[in-house]
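Undergrad: Structure file start-v9.txt, compact mmCIF, C-alpha atoms and all ligand atoms, is pasted below:
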# COMPACT_ATOMS: atom_id res chain seq x y z
CA MET A 299 29.57 -8.54 -41.34
CA ASP A 300 26.49 -9.95 -43.06
CA ASP A 301 25.52 -12.62 -40.54
CA CYS A 302 26.51 -10.78 -37.35
CA ILE A 303 23.56 -10.14 -35.07
CA PHE A 304 25.22 -7.17 -33.36
CA CYS A 305 26.13 -5.56 -36.70
CA LYS A 306 22.44 -5.90 -37.55
CA ILE A 307 21.50 -4.15 -34.29
CA ILE A 308 23.97 -1.37 -35.16
CA ALA A 309 22.40 -1.07 -38.62
CA GLY A 310 18.92 -0.87 -37.06
CA GLU A 311 17.85 -4.10 -38.78
CA ILE A 312 17.15 -5.80 -35.42
CA PRO A 313 15.55 -3.75 -32.64
CA ALA A 314 17.29 -3.26 -29.30
CA GLU A 315 16.73 -1.11 -26.24
CA THR A 316 19.44 1.46 -26.88
CA LEU A 317 21.02 3.05 -23.82
CA TYR A 318 23.80 5.04 -25.49
CA GLU A 319 25.07 5.63 -28.99
CA ASP A 320 27.78 7.65 -30.68
CA GLU A 321 29.98 7.21 -33.79
CA GLN A 322 32.09 4.47 -32.20
CA VAL A 323 30.08 2.77 -29.50
CA LEU A 324 26.58 1.39 -28.90
CA ALA A 325 25.11 0.21 -25.60
CA PHE A 326 21.84 -1.71 -25.24
CA SER A 327 20.01 -3.94 -22.76
CA ASP A 328 20.74 -7.66 -22.95
CA ILE A 329 17.79 -9.62 -24.33
CA ALA A 330 18.20 -12.35 -21.66
CA PRO A 331 19.30 -10.48 -18.51
CA GLN A 332 21.36 -12.46 -15.99
CA ALA A 333 20.99 -9.77 -13.31
CA PRO A 334 18.49 -7.00 -12.48
CA VAL A 335 20.65 -4.69 -14.61
CA HIS A 336 22.39 -6.31 -17.59
CA PHE A 337 23.47 -4.39 -20.63
CA LEU A 338 26.09 -4.70 -23.34
CA VAL A 339 28.56 -2.15 -24.66
CA ILE A 340 29.87 -2.84 -28.15
CA PRO A 341 32.09 -1.13 -30.70
CA LYS A 342 30.33 -0.21 -33.94
CA LYS A 343 33.33 -1.58 -35.78
CA HIS A 344 33.10 -5.36 -36.14
CA ILE A 345 35.79 -6.99 -33.97
CA GLU A 346 35.40 -10.76 -33.46
CA GLY A 347 36.22 -10.69 -29.79
CA PRO A 348 38.71 -9.57 -27.13
CA ALA A 349 41.56 -11.57 -28.71
CA ALA A 350 41.13 -9.75 -32.02
CA ILE A 351 41.85 -6.22 -30.76
CA THR A 352 44.83 -4.26 -32.07
CA GLU A 353 46.77 -1.26 -30.81
CA ASP A 354 44.40 0.92 -32.87
CA ASP A 355 41.60 -0.12 -30.51
CA ASP A 356 43.25 1.09 -27.30
CA ARG A 357 41.16 4.27 -27.09
CA LEU A 358 38.01 2.45 -28.17
CA LEU A 359 38.29 -0.05 -25.32
CA GLY A 360 38.86 2.75 -22.81
CA LYS A 361 35.81 4.54 -24.13
CA MET A 362 33.70 1.40 -23.74
CA MET A 363 34.73 1.26 -20.07
CA ARG A 364 33.80 4.90 -19.57
CA VAL A 365 30.45 4.60 -21.35
CA ALA A 366 29.70 1.51 -19.24
CA ARG A 367 30.48 3.43 -16.05
CA ASP A 368 28.24 6.33 -17.02
CA ILE A 369 25.30 4.07 -17.86
CA ALA A 370 25.85 2.06 -14.66
CA ARG A 371 25.70 5.30 -12.66
CA ALA A 372 22.55 6.41 -14.48
CA LYS A 373 20.94 3.06 -13.68
CA GLY A 374 21.83 3.36 -9.99
CA ILE A 375 24.46 0.62 -9.88
CA GLY A 376 27.52 2.85 -10.10
CA ASP A 377 28.80 1.53 -6.77
CA GLY A 378 28.56 -2.15 -7.70
CA TYR A 379 28.70 -3.64 -11.15
CA ARG A 380 30.61 -6.34 -12.94
CA SER A 381 32.24 -5.98 -16.36
CA LEU A 382 32.84 -9.12 -18.36
CA LEU A 383 34.16 -10.01 -21.80
CA ASN A 384 34.00 -13.58 -23.06
CA ASN A 385 36.59 -14.65 -25.58
CA GLY A 386 35.98 -17.78 -27.62
CA GLU A 387 33.45 -20.59 -27.46
CA LYS A 388 35.33 -22.28 -24.62
CA ALA A 389 34.68 -19.23 -22.45
CA GLY A 390 31.04 -19.01 -23.43
CA GLN A 391 31.24 -16.47 -26.23
CA VAL A 392 28.13 -16.93 -28.38
CA VAL A 393 28.08 -13.70 -30.37
CA PHE A 394 31.32 -13.11 -32.26
CA HIS A 395 31.23 -9.34 -32.17
CA LEU A 396 33.17 -7.92 -29.22
CA HIS A 397 30.86 -6.98 -26.35
CA MET A 398 31.31 -5.98 -22.74
CA HIS A 399 28.65 -7.28 -20.36
CA ILE A 400 27.75 -5.03 -17.45
CA LEU A 401 25.83 -6.71 -14.65
CA GLY A 402 24.55 -5.28 -11.41
CA GLY A 403 21.67 -4.83 -9.04
CA LYS A 404 22.39 -7.87 -6.90
CA GLU A 405 25.35 -9.22 -4.94
CA LYS A 406 28.05 -10.77 -7.09
CA PRO A 407 25.98 -10.83 -10.28
CA TRP A 408 28.04 -13.56 -11.98
CA PRO A 409 29.11 -16.98 -10.75
CA ILE A 410 32.80 -16.14 -10.23
P1 LIG B 501 28.23 -13.95 -24.99
O1 LIG B 501 27.80 -15.26 -24.41
O2 LIG B 501 28.55 -14.04 -26.47
O3 LIG B 501 29.30 -13.28 -24.19
O4 LIG B 501 26.98 -13.00 -24.81
C1 LIG B 501 26.08 -12.69 -25.82
C2 LIG B 501 24.96 -11.93 -25.17
O5 LIG B 501 24.17 -11.33 -26.18
C3 LIG B 501 24.02 -12.82 -24.34
O6 LIG B 501 23.97 -12.32 -23.01
C4 LIG B 501 22.68 -12.69 -25.06
O7 LIG B 501 21.58 -12.70 -24.18
C5 LIG B 501 22.82 -11.39 -25.81
N1 LIG B 501 22.07 -11.34 -27.05
C6 LIG B 501 22.08 -12.27 -28.04
N2 LIG B 501 21.28 -11.91 -29.05
C7 LIG B 501 20.76 -10.70 -28.70
C8 LIG B 501 19.85 -9.80 -29.35
O8 LIG B 501 19.34 -10.03 -30.46
N3 LIG B 501 19.53 -8.66 -28.69
C9 LIG B 501 20.06 -8.36 -27.47
N4 LIG B 501 19.67 -7.20 -26.91
N5 LIG B 501 20.93 -9.19 -26.83
C10 LIG B 501 21.26 -10.33 -27.44
ZN ZN B 502 29.48 -7.54 -36.01
Write the structure described by the file as C-alpha cells, please.
TA:
Amino acid sequence: MDDCIFCKIIAGEIPAETLYEDEQVLAFSDIAPQAPVHFLVIPKKHIEGPAAITEDDDRLLGKMMRVARDIARAKGIGDGYRSLLNNGEKAGQVVFHLHMHILGGKEKPWPI
C-alpha cells in the first residue's frame, strides 16, 4: 500500500526501532509510548485491521501473539502485559495496517 506508514516501515523507507523480524511479522517500538514498555507487532502483509482478517490469517495471528510474548519476556514484562488491537476510527484506530499493541511496565497500562 503506497500511503501506508507501516508498509513504509516494513520496506525500510521509514526508520523504526526493530525488535523482531521474520518473513511474516515485524515488531518495533511505538513512537509515542503509552507505557514504560510499548511496542507493536504487525504482519508484513497489508491487512487494514482486525475486521479484515480471513481464515488464511489464522496462523499469522497466532504467531503475532507468540512473538509478542517472547519480546515481552525479553523486556522483563512477561508476567504482566496488555495486548490490544483497535478496529476502526470509532475505536481509535489511526493506522490502517493491522497492529497489536503490547503495553507493560506499570499497573494496568491502558485505561480499561
Ligand atoms: P492505533 O491508534 O492505530 O491503534 O495505533 C497506532 C500506533 O502507531 C500509535 O500508538 C502510534 O504512536 C504508532 N505510530 C504511528 N506512526 C508511527 C511511526 O511512524 N513509527 C512508530 N514506531 N510508531 C508509530
Ligand atoms: Zn500497510
Undergrad: Neighbouring residues of region 371-376 of chain A were defined as those with any atom within 12 Å, considering all atoms listed in the file; residues of the same chain fewer than 6 positions away were excluded. Please report them as a list in words.
TA: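 These residues fall inside the cut-off: Leu317, Tyr318, Ser327, Ala333, Pro334, Val335, His336, Phe337, Arg364, Val365, Ile400, Leu401, Gly402, Gly403, Lys404, Glu405 and Pro407 of chain A.
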Undergrad: One number please: atom C2 of ligand LIG 501 (chain B) to CA of Asp377 (chain A), in Å, one decimal.
TA: 23.1 Å
Undergrad: Can you tell me which residues come within 7 Å of ligand ZN 502 (chain B) when counting only C-alpha atoms and all ligand atoms, ideally as a PyMOL selection string?
TA: chain A and resi 299+302-305+344-345+394-395
Undergrad: Go ahead and compute the interatomic distance for atom C7 of ligand LIG 501 (chain B) and CA of Leu383 (chain A), in Å to one decimal.
TA: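 Atom-to-atom, atom C7 of ligand LIG 501 (chain B) to CA of Leu383 (chain A), that is 15.1 Å.
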Undergrad: Which residue out of A:Glu315, A:Asp355, A:Asp320, A:Glu346 has the minimum interatomic distance to ligand LIG 501 (chain B) when all atoms listed in the file are used?
TA: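 That would be A:Glu315, the residue with the smallest distance to ligand LIG 501 (chain B).
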Undergrad: Identify, on the basis of all atoms listed in the file, every residue whose closest approach to region 306-312 of chain A does not exceed 8 Å; exclude the query and any residue fewer than 4 positions from it along the same chain; express the result as a PyMOL selection string.
TA: chain A and resi 300-302+324+342
Undergrad: Each residue of chain A lying at most 6 Å from ligand LIG 501 (chain B) should get a row with its shortest atom-to-atom pair and the distance in Å to one decimal, counting only C-alpha atoms and all ligand atoms; could you produce that, ordered by chain and increasing number, as a Markdown table?
TA:
| residue | atom | partner | partner_atom | distance |
| --- | --- | --- | --- | --- |
| A:Ala314 | CA | B:LIG501 | N4 | 5.2 |
| A:Ser327 | CA | B:LIG501 | N4 | 5.3 |
| A:Asp328 | CA | B:LIG501 | N4 | 4.1 |
| A:Ile329 | CA | B:LIG501 | N4 | 4.0 |
| A:Ala330 | CA | B:LIG501 | O7 | 4.2 |
| A:Asn384 | CA | B:LIG501 | O3 | 4.8 |
| A:Gly390 | CA | B:LIG501 | O1 | 5.1 |
| A:Gln391 | CA | B:LIG501 | O2 | 3.6 |
| A:Val392 | CA | B:LIG501 | O2 | 3.5 |
| A:Val393 | CA | B:LIG501 | O2 | 3.9 |
Undergrad: Using all atoms listed in the file, which residues sit within 6 Å of His399 (chain A) once same-chain residues fewer than 2 positions away are excluded, as number ranges by chain?
TA: A: 337-338, 381-382
Undergrad: Can you report as AutoDock Vina command-line options the centre and edge lengths in Å, to one decimal, of an axis-aligned box around the listed atoms of region 385-398 of chain A padded with 8 Å on each side?
TA:
--center_x 32.3 --center_y -14.1 --center_z -27.4 --size_x 24.5 --size_y 32.3 --size_z 25.8
Undergrad: Choose the residue, out of A:Pro409, A:Val339, A:Lys388, A:Pro331, that has the smallest atom-to-atom separation from Arg367 (chain A); count all atoms listed in the file.
TA: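 Using all atoms listed in the file, the shortest distance to Arg367 (chain A) belongs to A:Val339.
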Undergrad: Using only C-alpha atoms for the distances, tell me which of A:Pro341, A:Glu321, A:Thr316, A:Gly378 is nearest to Asp356 (chain A).
TA: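 Looking only at the distances to Asp356 (chain A), the closest residue turns out to be A:Pro341.
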Undergrad: What does the distance between CA of Ala325 (chain A) and CA of Ile340 (chain A) come to in Å, to one decimal place?
TA: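 Value for the CA of Ala325 (chain A)-CA of Ile340 (chain A) distance: 6.2 Å.
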Undergrad: With all atoms listed in the file as the basis for distance, which of A:Glu353, A:Phe326, A:Gln332, A:Leu359 is at the shortest distance from Arg380 (chain A)?
TA: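 Using all atoms listed in the file, the shortest distance to Arg380 (chain A) belongs to A:Gln332.
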Undergrad: Taking 5 positions as the minimum chain separation for residues in the same chain, which residues sit within 9 Å of Lys361 (chain A) when counting all atoms listed in the file? Answer as a PDB file with C-alpha atoms, in the frame of the given file.
TA:
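Generated output (result28.pdb):
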ATOM      1  CA  GLN A 322      32.090   4.470 -32.200  1.00  0.00           C
ATOM      2  CA  VAL A 323      30.080   2.770 -29.500  1.00  0.00           C
ATOM      3  CA  ASP A 356      43.250   1.090 -27.300  1.00  0.00           C
ATOM      4  CA  ALA A 366      29.700   1.510 -19.240  1.00  0.00           C
TER       5      ALA A 366
END
